[in-house]
$ cat start_9.tsv   # TSV, C-alpha atoms
chain	number	residue	atom	x	y	z
A	1	MET	CA	84.46	86.98	128.10
A	2	GLY	CA	87.69	87.83	126.26
A	3	ALA	CA	89.94	90.82	126.78
A	4	ARG	CA	88.53	94.28	126.12
A	5	GLN	CA	89.35	95.54	122.62
A	6	ARG	CA	89.12	98.99	121.08
A	7	ILE	CA	87.03	98.63	117.92
A	8	VAL	CA	86.18	101.24	115.28
A	9	ILE	CA	82.81	100.73	113.57
A	10	ALA	CA	82.85	102.67	110.31
A	11	LYS	CA	80.47	103.56	107.50
A	12	PRO	CA	82.57	104.11	104.37
A	13	GLY	CA	81.20	105.70	101.24
A	14	LEU	CA	77.86	107.15	100.23
A	15	ASP	CA	75.61	104.88	102.24
A	16	GLY	CA	73.08	106.28	104.68
A	17	HIS	CA	71.94	103.02	106.29
A	18	ASP	CA	73.45	102.69	109.74
A	19	ARG	CA	70.95	100.59	111.68
A	20	GLY	CA	73.15	97.51	111.22
A	21	ALA	CA	76.32	99.34	112.22
A	22	LYS	CA	74.62	100.62	115.37
A	23	VAL	CA	73.32	97.17	116.29
A	24	VAL	CA	76.82	95.73	115.90
A	25	ALA	CA	78.33	98.63	117.89
A	26	ARG	CA	75.82	98.00	120.65
A	27	ALA	CA	76.48	94.23	120.67
A	28	LEU	CA	80.22	94.83	120.96
A	29	ARG	CA	79.64	97.35	123.75
A	30	ASP	CA	77.49	94.84	125.60
A	31	GLY	CA	80.25	92.29	125.03
A	32	GLY	CA	82.61	94.49	127.05
A	33	HIS	CA	84.48	96.25	124.24
A	34	GLU	CA	85.15	99.94	123.67
A	35	VAL	CA	83.53	100.94	120.38
A	36	ILE	CA	84.29	104.13	118.50
A	37	TYR	CA	81.58	104.90	115.95
A	38	THR	CA	82.60	107.11	113.02
A	39	GLY	CA	79.18	108.25	111.85
A	40	LEU	CA	77.96	108.14	108.25
A	41	ARG	CA	79.68	108.72	104.90
A	42	ARG	CA	83.33	108.55	105.87
A	43	THR	CA	86.17	108.34	103.35
A	44	PRO	CA	88.79	105.58	103.60
A	45	ASP	CA	91.37	108.22	104.67
A	46	GLN	CA	89.13	109.49	107.47
A	47	ILE	CA	88.50	105.96	108.71
A	48	VAL	CA	92.21	105.11	108.77
A	49	ARG	CA	92.95	108.37	110.61
A	50	THR	CA	90.34	107.45	113.24
A	51	ILE	CA	91.81	103.96	113.68
A	52	MET	CA	95.28	105.48	114.09
A	53	ASP	CA	94.29	108.22	116.56
A	54	GLU	CA	92.14	105.89	118.62
A	55	ASP	CA	94.72	103.08	118.56
A	56	ALA	CA	92.00	100.56	117.71
A	57	ARG	CA	92.91	96.92	117.19
A	58	PHE	CA	89.79	96.11	115.10
A	59	VAL	CA	87.77	97.90	112.45
A	60	GLY	CA	84.31	96.82	111.34
A	61	LEU	CA	83.20	98.21	107.96
A	62	SER	CA	79.51	98.36	107.14
A	63	SER	CA	78.28	98.77	103.59
A	64	LEU	CA	74.86	98.32	102.04
A	65	SER	CA	75.41	100.36	98.91
A	66	GLY	CA	77.31	97.87	96.77
A	67	ALA	CA	80.63	99.71	96.90
A	68	HIS	CA	82.31	97.19	99.25
A	69	SER	CA	84.55	95.68	96.56
A	70	HIS	CA	86.13	99.09	96.03
A	71	LEU	CA	86.10	100.53	99.56
A	72	PHE	CA	87.09	97.57	101.76
A	73	PRO	CA	90.33	96.70	99.86
A	74	LYS	CA	91.20	100.41	99.68
A	75	ILE	CA	90.98	100.70	103.47
A	76	CYS	CA	93.09	97.54	103.86
A	77	ASN	CA	95.77	99.06	101.60
A	78	LEU	CA	95.75	102.40	103.43
A	79	LEU	CA	96.13	100.60	106.77
A	80	ARG	CA	99.18	98.72	105.45
A	81	GLU	CA	100.66	101.92	104.03
A	82	ALA	CA	100.19	103.63	107.39
A	83	GLY	CA	102.02	100.81	109.13
A	84	LEU	CA	98.88	99.71	110.96
A	85	THR	CA	99.53	96.10	109.99
A	86	ASP	CA	98.17	94.57	113.21
A	87	VAL	CA	94.65	96.00	112.77
A	88	VAL	CA	92.06	93.28	112.13
A	89	VAL	CA	89.48	94.20	109.45
A	90	PHE	CA	86.00	92.73	109.29
A	91	GLY	CA	82.94	93.70	107.29
A	92	GLY	CA	79.20	93.43	107.13
A	93	GLY	CA	76.12	94.54	105.28
A	94	ILE	CA	74.89	93.35	101.90
A	95	ILE	CA	77.92	91.51	100.52
A	96	PRO	CA	77.07	88.92	97.82
A	97	GLU	CA	78.66	85.49	98.20
A	98	ASP	CA	80.68	85.90	94.96
A	99	ASP	CA	82.32	89.09	96.25
A	100	ARG	CA	83.65	87.53	99.45
A	101	SER	CA	86.77	85.64	98.26
A	102	PRO	CA	88.41	88.76	96.78
A	103	LEU	CA	87.69	90.63	100.02
A	104	PHE	CA	89.27	87.87	102.10
A	105	ALA	CA	92.28	87.97	99.75
A	106	ALA	CA	92.53	91.74	100.29
A	107	GLY	CA	92.87	91.23	104.04
A	108	VAL	CA	89.29	91.25	105.37
A	109	ARG	CA	89.02	88.51	108.03
A	110	ALA	CA	85.27	88.09	108.34
A	111	ILE	CA	82.08	89.06	106.53
A	112	PHE	CA	78.84	89.09	108.51
A	113	GLY	CA	75.60	89.25	106.56
A	114	PRO	CA	72.05	89.93	107.72
A	115	GLY	CA	70.83	87.51	110.37
A	116	THR	CA	74.25	86.91	111.94
A	117	PRO	CA	73.80	86.39	115.68
A	118	SER	CA	75.66	89.07	117.62
A	119	THR	CA	77.33	86.33	119.69
A	120	GLU	CA	79.08	85.15	116.52
A	121	ILE	CA	80.70	88.56	116.05
A	122	LEU	CA	81.90	88.50	119.65
A	123	GLU	CA	83.33	85.00	119.11
A	124	PHE	CA	85.15	86.26	116.02
A	125	VAL	CA	86.69	89.16	117.96
A	126	GLU	CA	87.88	86.81	120.66
A	127	SER	CA	89.35	84.30	118.16
A	128	ALA	CA	90.98	86.96	116.04
A	129	SER	CA	92.53	88.70	119.06
A	130	GLN	CA	94.38	85.48	119.83
A	131	ARG	CA	96.04	85.08	116.47
A	132	ASP	CA	98.31	87.11	114.22
A	133	CYS	CA	95.70	88.08	111.62
A	134	GLY	CA	96.14	91.82	111.22
A	135	VAL	CA	95.78	93.31	107.78
A	136	GLY	CA	99.54	92.97	107.21
A	137	SER	CA	99.73	89.30	108.24
A	138	GLN	CA	100.60	86.58	105.69
A	139	ASP	CA	98.14	84.21	107.40
A	140	ASP	CA	95.26	83.57	104.99
A	141	TRP	CA	92.81	82.53	107.73
A	142	HIS	CA	89.36	84.02	107.74
A	143	TRP	CA	86.27	83.47	109.90
A	144	GLY	CA	84.23	80.45	108.78
A	145	ASP	CA	87.29	79.04	106.99
B	1	MET	CA	100.93	106.41	115.45
B	2	LYS	CA	103.59	106.27	118.15
B	3	LEU	CA	101.75	108.83	120.25
B	4	ALA	CA	98.45	106.90	120.07
B	5	ARG	CA	100.19	103.70	121.21
B	6	GLN	CA	101.88	105.50	124.09
B	7	LEU	CA	98.52	106.88	125.22
B	8	THR	CA	97.11	103.34	125.21
B	9	ALA	CA	99.99	102.21	127.42
B	10	ILE	CA	99.29	105.06	129.84
B	11	GLU	CA	95.59	104.23	129.82
B	12	ASN	CA	96.32	100.59	130.61
B	13	GLY	CA	98.70	101.50	133.44
B	14	GLU	CA	101.75	100.16	131.58
B	15	LEU	CA	103.53	103.48	131.17
B	16	GLU	CA	103.97	106.15	133.82
B	17	VAL	CA	104.56	109.76	132.84
B	18	GLU	CA	105.74	112.77	134.79
B	19	GLU	CA	103.41	115.68	135.25
B	20	THR	CA	103.82	118.38	132.60
B	21	LYS	CA	102.49	121.85	133.32
B	22	GLY	CA	100.32	123.47	130.71
B	23	LEU	CA	96.84	124.55	129.78
B	24	ILE	CA	94.25	121.83	130.38
B	25	VAL	CA	90.69	123.04	129.89
B	26	ALA	CA	87.68	120.94	130.90
B	27	ILE	CA	84.46	121.56	129.02
B	28	THR	CA	81.66	120.20	131.11
B	29	GLY	CA	77.91	120.44	131.48
B	30	PRO	CA	74.72	118.39	131.17
B	31	PRO	CA	74.19	115.80	128.40
B	32	GLY	CA	73.06	117.26	125.08
B	33	VAL	CA	73.91	120.86	125.92
B	34	GLY	CA	76.33	121.09	123.00
B	35	LYS	CA	79.77	120.33	124.42
B	36	SER	CA	81.03	118.37	121.39
B	37	CYS	CA	79.72	120.95	118.92
B	38	LEU	CA	81.38	123.76	120.90
B	39	VAL	CA	84.67	121.84	120.90
B	40	ASP	CA	84.34	121.57	117.11
B	41	GLY	CA	83.77	125.33	116.87
B	42	ILE	CA	86.78	126.04	119.07
B	43	LEU	CA	89.04	123.71	117.05
B	44	HIS	CA	87.97	125.34	113.78
B	45	ARG	CA	89.15	128.68	115.18
B	46	LEU	CA	92.33	127.70	117.04
B	47	ALA	CA	93.84	125.26	114.53
B	48	PRO	CA	96.31	125.23	112.87
B	49	ALA	CA	97.93	128.15	114.74
B	50	THR	CA	97.47	126.37	118.07
B	51	LYS	CA	98.13	122.64	118.45
B	52	VAL	CA	95.15	121.23	120.29
B	53	ALA	CA	94.52	117.75	121.69
B	54	VAL	CA	91.03	116.65	122.73
B	55	LEU	CA	90.32	113.90	125.24
B	56	ALA	CA	86.64	113.08	124.81
B	57	VAL	CA	85.26	111.10	127.72
B	58	ASP	CA	82.18	108.89	127.47
B	59	PRO	CA	80.78	106.52	130.10
B	60	THR	CA	81.70	102.85	130.49
B	61	SER	CA	78.80	100.45	131.01
B	62	PRO	CA	78.61	99.44	134.67
B	63	LEU	CA	77.19	96.10	133.51
B	64	SER	CA	79.41	94.93	130.64
B	65	GLY	CA	82.50	97.13	131.02
B	66	GLY	CA	82.12	98.13	127.39
B	67	ALA	CA	81.55	101.62	126.01
B	68	LEU	CA	80.20	103.38	122.95
B	69	LEU	CA	82.41	106.36	122.20
B	70	GLY	CA	80.68	108.76	119.84
B	71	ASP	CA	82.15	112.21	120.37
B	72	ARG	CA	84.21	112.17	117.16
B	73	ILE	CA	81.06	112.22	115.05
B	74	ARG	CA	80.51	115.91	115.79
B	75	LEU	CA	84.06	117.00	114.99
B	76	SER	CA	83.76	118.20	111.41
B	77	VAL	CA	87.12	119.96	111.83
B	78	LEU	CA	88.85	116.59	111.38
B	79	ASP	CA	87.69	116.59	107.75
B	80	ASP	CA	89.60	119.81	107.05
B	81	ASP	CA	93.09	118.77	105.91
B	82	SER	CA	94.54	122.22	106.55
B	83	LYS	CA	93.69	121.89	110.26
B	84	SER	CA	93.58	118.21	111.12
B	85	GLU	CA	97.38	117.90	111.22
B	86	SER	CA	97.54	120.13	114.28
B	87	ILE	CA	94.69	118.36	116.07
B	88	TYR	CA	94.63	115.07	117.94
B	89	VAL	CA	91.39	113.55	119.22
B	90	ARG	CA	91.16	110.55	121.48
B	91	SER	CA	87.99	108.95	122.86
B	92	ILE	CA	88.30	107.80	126.47
B	93	ALA	CA	85.98	105.50	128.41
B	94	THR	CA	85.55	106.09	132.14
B	95	ARG	CA	86.36	102.38	132.78
B	96	SER	CA	86.56	101.53	136.48
B	97	SER	CA	86.56	105.07	137.85
B	98	SER	CA	83.48	105.94	139.87
B	99	GLY	CA	83.19	109.50	138.67
B	100	SER	CA	82.97	111.23	135.33
B	101	MET	CA	86.72	111.73	135.07
B	102	PRO	CA	89.02	108.70	135.04
B	103	SER	CA	92.29	109.39	136.84
B	104	ILE	CA	94.41	108.31	133.87
B	105	VAL	CA	93.25	111.46	132.05
B	106	LYS	CA	95.83	113.39	134.01
B	107	GLY	CA	98.65	111.22	132.65
B	108	LEU	CA	97.24	111.39	129.12
B	109	ALA	CA	97.00	115.19	129.25
B	110	SER	CA	100.54	115.49	130.64
B	111	HIS	CA	101.90	113.29	127.89
B	112	LEU	CA	100.16	115.35	125.19
B	113	LEU	CA	101.50	118.61	126.65
B	114	ALA	CA	105.00	117.08	126.70
B	115	ASN	CA	104.54	116.19	123.02
B	116	SER	CA	104.24	119.77	121.80
B	117	PHE	CA	100.50	120.29	122.17
B	118	ASP	CA	99.74	123.85	123.32
B	119	LEU	CA	96.33	123.06	124.78
B	120	VAL	CA	94.50	119.96	125.96
B	121	ILE	CA	90.70	120.09	126.00
B	122	ILE	CA	88.90	117.51	128.09
B	123	GLU	CA	85.33	117.02	127.04
B	124	THR	CA	83.66	115.43	130.04
B	125	VAL	CA	80.74	113.04	130.10
B	126	GLY	CA	77.41	114.77	130.50
B	127	ALA	CA	77.71	116.13	134.02
B	128	GLY	CA	75.10	116.88	136.65
B	129	GLN	CA	75.20	119.49	139.35
B	130	SER	CA	77.87	117.92	141.53
B	131	GLU	CA	80.26	116.15	139.19
B	132	MET	CA	83.35	118.17	140.00
B	133	ARG	CA	86.07	115.58	139.51
B	134	CYS	CA	87.30	117.38	136.37
B	135	ALA	CA	88.75	119.99	138.76
B	136	ALA	CA	91.36	117.42	139.79
B	137	VAL	CA	92.86	117.41	136.30
B	138	ALA	CA	91.92	120.61	134.49
B	139	THR	CA	93.65	123.92	135.09
B	140	ARG	CA	90.55	125.78	133.82
B	141	ILE	CA	86.90	124.77	133.79
B	142	ILE	CA	84.26	125.88	131.32
B	143	VAL	CA	80.70	125.02	132.31
B	144	VAL	CA	78.20	124.89	129.45
B	145	GLU	CA	74.54	125.61	130.13
B	146	GLY	CA	71.56	125.90	127.83
B	147	PRO	CA	67.97	127.11	127.69
B	148	SER	CA	64.94	125.22	128.97
B	149	ARG	CA	66.75	123.45	131.75
B	150	GLY	CA	64.68	124.61	134.69
B	151	ASP	CA	63.72	127.82	136.43
B	152	GLY	CA	65.85	130.57	137.94
B	153	ILE	CA	66.46	128.70	141.18
B	154	GLN	CA	68.77	126.31	139.26
B	155	ALA	CA	71.20	129.20	138.85
B	156	GLU	CA	71.27	129.72	142.62
B	157	LYS	CA	72.15	126.13	143.48
B	158	ALA	CA	75.58	125.24	144.76
B	159	GLY	CA	77.84	122.85	142.90
B	160	LEU	CA	79.60	122.70	139.57
B	161	LEU	CA	78.77	126.31	138.62
B	162	GLU	CA	80.87	127.54	141.54
B	163	LEU	CA	84.01	126.03	140.02
B	164	ALA	CA	83.55	127.51	136.55
B	165	ASP	CA	86.27	129.84	135.26
B	166	LEU	CA	83.89	130.64	132.37
B	167	ILE	CA	80.20	129.96	131.89
B	168	VAL	CA	78.93	129.44	128.37
B	169	VAL	CA	75.21	129.59	127.64
B	170	ASN	CA	74.92	127.64	124.40
B	171	LYS	CA	71.96	127.33	122.00
B	172	SER	CA	71.48	131.10	122.11
B	173	ASP	CA	69.41	130.75	118.94
B	174	LEU	CA	66.69	129.06	120.99
B	175	GLU	CA	64.07	130.76	123.06
B	176	GLY	CA	64.92	131.06	126.73
B	177	ALA	CA	68.68	131.48	126.41
B	178	GLU	CA	68.52	135.14	127.37
B	179	ARG	CA	66.65	134.28	130.56
B	180	VAL	CA	69.29	131.73	131.56
B	181	VAL	CA	71.99	134.38	131.06
B	182	ASN	CA	70.00	136.80	133.24
B	183	ASP	CA	69.40	134.23	136.00
B	184	LEU	CA	73.09	133.32	136.09
B	185	THR	CA	74.19	136.97	136.01
B	186	ILE	CA	71.93	137.89	138.93
B	187	SER	CA	73.09	134.86	140.90
B	188	LEU	CA	76.76	135.69	140.30
B	189	THR	CA	76.42	139.30	141.47
B	190	LEU	CA	76.58	137.85	144.99
B	191	THR	CA	79.93	136.20	144.23
B	192	ASN	CA	83.25	137.95	144.81
B	193	ASP	CA	85.19	136.59	141.85
B	194	ALA	CA	82.37	135.91	139.43
B	195	PRO	CA	83.40	134.21	136.17
B	196	PRO	CA	82.51	135.75	132.82
B	197	ILE	CA	79.37	134.54	131.05
B	198	ILE	CA	79.14	134.37	127.27
B	199	ARG	CA	76.36	133.37	124.90
B	200	THR	CA	77.08	131.01	122.03
B	201	SER	CA	75.25	129.15	119.32
B	202	ALA	CA	77.42	126.27	118.18
B	203	ILE	CA	75.06	125.70	115.26
B	204	GLU	CA	74.93	129.31	114.00
B	205	GLY	CA	78.40	130.37	115.09
B	206	GLU	CA	77.42	133.18	117.46
B	207	GLY	CA	80.00	133.81	120.18
B	208	LEU	CA	82.44	131.15	118.97
B	209	ASP	CA	85.18	133.64	117.99
B	210	GLU	CA	84.93	135.15	121.45
B	211	LEU	CA	84.98	131.73	123.15
B	212	ALA	CA	88.02	130.56	121.16
B	213	ALA	CA	89.88	133.78	121.99
B	214	MET	CA	89.02	133.55	125.69
B	215	ILE	CA	90.04	129.93	126.13
B	216	LEU	CA	93.76	130.64	125.78
B	217	SER	CA	93.82	133.42	128.37
B	218	LEU	CA	91.20	132.46	130.94
B	219	GLU	CA	91.95	133.57	134.46
B	220	GLU	CA	91.68	131.10	137.28
B	221	ARG	CA	89.12	131.78	139.97
B	222	THR	CA	91.13	131.89	143.16
B	223	SER	CA	88.18	130.78	145.27
B	224	SER	CA	88.18	127.36	143.61
B	225	ARG	CA	91.77	126.45	144.53
B	226	ARG	CA	90.77	124.60	147.65
B	227	ALA	CA	88.09	122.68	145.78
B	228	ARG	CA	90.66	121.64	143.16
B	229	ALA	CA	93.06	120.35	145.80
B	230	ARG	CA	90.20	118.46	147.42
B	231	GLN	CA	89.24	116.80	144.13
B	232	GLN	CA	92.87	115.87	143.47
B	233	LEU	CA	93.10	114.17	146.83
B	234	LEU	CA	89.79	112.34	146.33
B	235	MET	CA	90.88	111.15	142.89
B	236	ALA	CA	94.23	109.91	144.17
B	237	HIS	CA	92.54	108.09	147.03
B	238	GLU	CA	90.00	106.45	144.77
B	239	ASN	CA	92.79	105.39	142.47
B	240	ILE	CA	94.50	103.50	145.27
B	241	LEU	CA	91.23	101.68	145.88
B	242	ILE	CA	90.62	100.80	142.22
B	243	LEU	CA	94.20	99.64	141.67
B	244	ASN	CA	93.99	97.33	144.69
B	245	PRO	CA	94.41	93.86	143.12
B	246	ALA	CA	91.64	92.48	145.34
B	247	PHE	CA	89.09	95.14	144.27
B	248	ASP	CA	87.17	93.12	141.64
B	249	ALA	CA	87.34	89.90	143.63
B	250	ILE	CA	85.81	91.64	146.65
B	251	ILE	CA	82.96	92.97	144.52
B	252	ASP	CA	82.34	89.41	143.29
B	253	ARG	CA	82.19	88.24	146.91
B	254	MET	CA	79.73	91.01	147.81
B	255	CYS	CA	77.43	89.78	145.02
B	256	GLU	CA	77.90	86.05	145.39
B	257	GLU	CA	78.55	85.51	149.09
B	258	GLY	CA	76.63	88.51	150.33
B	259	ILE	CA	79.48	89.93	152.44
B	260	GLY	CA	78.77	93.44	153.71
B	261	VAL	CA	80.51	96.69	152.85
B	262	GLU	CA	82.37	96.85	156.15
B	263	GLU	CA	83.77	93.36	155.78
B	264	ALA	CA	84.71	94.15	152.18
B	265	LEU	CA	86.63	97.23	153.34
B	266	ARG	CA	88.45	95.22	155.98
B	267	ASN	CA	89.43	92.66	153.35
B	268	LEU	CA	90.78	95.39	151.08
B	269	ASP	CA	92.91	96.79	153.87
B	270	GLU	CA	94.62	93.47	154.49

$ encode --input "start_9.tsv" --output "structure tokens"
Amino acid sequence: MGARQRIVIAKPGLDGHDRGAKVVARALRDGGHEVIYTGLRRTPDQIVRTIMDEDARFVGLSSLSGAHSHLFPKICNLLREAGLTDVVVFGGGIIPEDDRSPLFAAGVRAIFGPGTPSTEILEFVESASQRDCGVGSQDDWHWGD
Amino acid sequence: MKLARQLTAIENGELEVEETKGLIVAITGPPGVGKSCLVDGILHRLAPATKVAVLAVDPTSPLSGGALLGDRIRLSVLDDDSKSESIYVRSIATRSSSGSMPSIVKGLASHLLANSFDLVIIETVGAGQSEMRCAAVATRIIVVEGPSRGDGIQAEKAGLLELADLIVVNKSDLEGAERVVNDLTISLTLTNDAPPIIRTSAIEGEGLDELAAMILSLEERTSSRRARARQQLLMAHENILILNPAFDAIIDRMCEEGIGVEEALRNLDE
């Protein structure tokens, strides 16, 4: 098992479906990490504030409402503006294949769709924690690259 | 951002801080009694005039070492821009500590007081009748009770209630709250320095103005001084044990090689 990380699991935007976010939070907890869950319908500003206060190294964004292409890059930009350049961003939910490249370009390091084994998310956290792939990094690596 | 990083360093044992005197209030009580919602109500009333930091403690899994920290969800005050600037909230996992109050909380609270916070509120994990470790860190203790948690004999039992500097009976909008207040009041008539009891409803707002006003000027119960000193000593002693570099390895040997507790203790002393 890798080192314990502090991970924020967030639900941005007007999306009331949090079963997936809770399953991921639980899997990360069982993988030995400290997970801070934001609750539903958070704004990008609120999520960034939580990441800052909690000094989290990772943030997982869950969206099933179709607003990911707007919300995920916005959160990446706010993190960079706040100087939180070493925070690793990953996402999940219903994210169509065609939408993924722009999200990776915006700084998201992994997208996990339905059916992803929870062990894969733990493997991602361990890999990402060993490389310089925060949202401010020039490295264009992403999970499954 | 700097403050959050410093707190992480303290939590990980990489930064030592000197003790800073100030008001540290523990809010404790059973799971689901309304501690987080009461903290939200207090913050709404004290901020922005008072700078308040909240350390919200949730349990670490004894199996995986991970934790799910969910106290922030209830803090609607963080969405109010006119107040959130004077509030800092940090979720804390109990990690390797055996009790409900990890010893690093003392360092975290000291550091926050040294960084211009007027008040540090520690929201404990859901606490049973004898989880008194918060007395080692907090300068004042508020015990939260609620209706439908047993009969009148519960109010007579020894334990956490004896250390309370204030007792809050929350969920006063529900049936049975009045009876809990009566049971506690009767029980406390036999006590020399009985703490005040107030009724609140975090959901409807009853009693929250009173609670917020009281929190800044609560008097310490003199009879609990000895208990506080005792908890401080126990916490310090446990800390020495947990920080022993052989601690985890000995636990592994107890599981895998079946060595007994006495042999494990001898090994730790070496």

$ axis_aligned_box --input "start_9.tsv" --around "stretch 186-195 of chain B" --padding-each-side "4 Å" --output "JSON"
{"center_x": 78.6, "center_y": 136.8, "center_z": 140.6, "size_x": 21.3, "size_y": 13.1, "size_z": 16.8}

$ atom_distance --input "start_9.tsv" --atom1 "atom CA of B:Glu238" --atom2 "atom CA of B:Ala164"
23.5 Å

$ interface_residues --input "start_9.tsv" --of "chain B" --to "chain A" --cutoff "6 Å" --atoms "only C-alpha atoms" --output "JSON, numbers by chain"
{"B": [1, 4, 64, 65, 66, 67, 68, 69, 70, 73, 90]}

$ write_last_selection --input "start_9.tsv" --atoms "C-alpha atoms" --output "short mmCIF file (atom, residue, chain, number, x, y, z; two decimals), keeping the file's coordinate frame"
data_model
loop_
_atom_site.label_atom_id
_atom_site.label_comp_id
_atom_site.auth_asym_id
_atom_site.auth_seq_id
_atom_site.Cartn_x
_atom_site.Cartn_y
_atom_site.Cartn_z
CA MET B 1 100.93 106.41 115.45
CA ALA B 4 98.45 106.90 120.07
CA SER B 64 79.41 94.93 130.64
CA GLY B 65 82.50 97.13 131.02
CA GLY B 66 82.12 98.13 127.39
CA ALA B 67 81.55 101.62 126.01
CA LEU B 68 80.20 103.38 122.95
CA LEU B 69 82.41 106.36 122.20
CA GLY B 70 80.68 108.76 119.84
CA ILE B 73 81.06 112.22 115.05
CA ARG B 90 91.16 110.55 121.48
#

$ atom_distance --input "start_9.tsv" --atom1 "atom CA of B:Asn267" --atom2 "atom CA of B:Arg230"
26.5 Å

$ residues_around --input "start_9.tsv" --residues "A:Gly2" --least-positions-apart "5" --cutoff "10 Å" --atoms "all atoms listed in the file" --output "PyMOL selection string"
chain A and resi 31-33+122-123+125-127+129-130

$ residues_near_point --input "start_9.tsv" --point "(95.2, 91.0, 113.9)" --cutoff "10 Å" --atoms "all atoms listed in the file" --output "number ranges by chain"
A: 57-58, 84-89, 109, 125, 127-137, 139

$ atom_distance --input "start_9.tsv" --atom1 "atom CA of B:Leu161" --atom2 "atom CA of B:Leu174"
21.5 Å

$ residues_around --input "start_9.tsv" --residues "B:Gln6" --least-positions-apart "6" --cutoff "10 Å" --atoms "only C-alpha atoms" --output "ChimeraX atom specification"
/A:55 /B:12,14-16,108,111

$ residues_near_point --input "start_9.tsv" --point "(79.5, 118.3, 128.0)" --cutoff "10 Å" --atoms "all atoms listed in the file" --output "ChimeraX atom specification"
/B:26-39,56-58,122-128,142-145

$ decode --input "start_9.tsv" --residues "stretch 88-105 of chain A" --atoms "N, CA and C atoms" --output "compact mmCIF listing (two decimals), in the first residue's frame"
# COMPACT_ATOMS: atom_id res chain seq x y z
N VAL A 88 -3.19 17.17 -7.55
CA VAL A 88 -3.49 16.29 -8.68
C VAL A 88 -5.01 16.17 -8.85
N VAL A 89 -5.50 16.45 -10.06
CA VAL A 89 -6.94 16.44 -10.33
C VAL A 89 -7.31 15.18 -11.12
N PHE A 90 -8.32 14.48 -10.64
CA PHE A 90 -8.88 13.39 -11.45
C PHE A 90 -10.40 13.50 -11.46
N GLY A 91 -11.03 12.79 -12.41
CA GLY A 91 -12.47 12.95 -12.54
C GLY A 91 -13.16 11.63 -12.81
N GLY A 92 -14.47 11.66 -12.69
CA GLY A 92 -15.24 10.46 -12.94
C GLY A 92 -16.69 10.80 -13.16
N GLY A 93 -17.46 9.80 -13.58
CA GLY A 93 -18.87 10.01 -13.84
C GLY A 93 -19.17 9.65 -15.28
N ILE A 94 -20.10 10.37 -15.88
CA ILE A 94 -20.44 10.11 -17.28
C ILE A 94 -19.70 11.14 -18.14
N ILE A 95 -18.52 10.74 -18.61
CA ILE A 95 -17.67 11.64 -19.40
C ILE A 95 -17.45 10.98 -20.77
N PRO A 96 -18.11 11.46 -21.82
CA PRO A 96 -17.96 10.84 -23.14
C PRO A 96 -16.50 10.84 -23.62
N GLU A 97 -16.16 9.81 -24.38
CA GLU A 97 -14.79 9.63 -24.87
C GLU A 97 -14.27 10.91 -25.54
N ASP A 98 -15.12 11.55 -26.38
CA ASP A 98 -14.68 12.73 -27.14
C ASP A 98 -14.32 13.91 -26.25
N ASP A 99 -14.88 13.93 -25.03
CA ASP A 99 -14.63 15.07 -24.14
C ASP A 99 -13.32 14.93 -23.35
N ARG A 100 -12.70 13.75 -23.43
CA ARG A 100 -11.60 13.48 -22.49
C ARG A 100 -10.32 14.22 -22.83
N SER A 101 -9.93 14.27 -24.13
CA SER A 101 -8.66 14.93 -24.49
C SER A 101 -8.60 16.37 -24.01
N PRO A 102 -9.68 17.17 -24.23
CA PRO A 102 -9.61 18.55 -23.73
C PRO A 102 -9.47 18.62 -22.20
N LEU A 103 -10.07 17.65 -21.51
CA LEU A 103 -9.94 17.66 -20.05
C LEU A 103 -8.51 17.33 -19.63
N PHE A 104 -7.90 16.35 -20.31
CA PHE A 104 -6.50 16.04 -20.01
C PHE A 104 -5.63 17.27 -20.29
N ALA A 105 -5.92 17.98 -21.39
CA ALA A 105 -5.14 19.17 -21.73
C ALA A 105 -5.31 20.27 -20.69
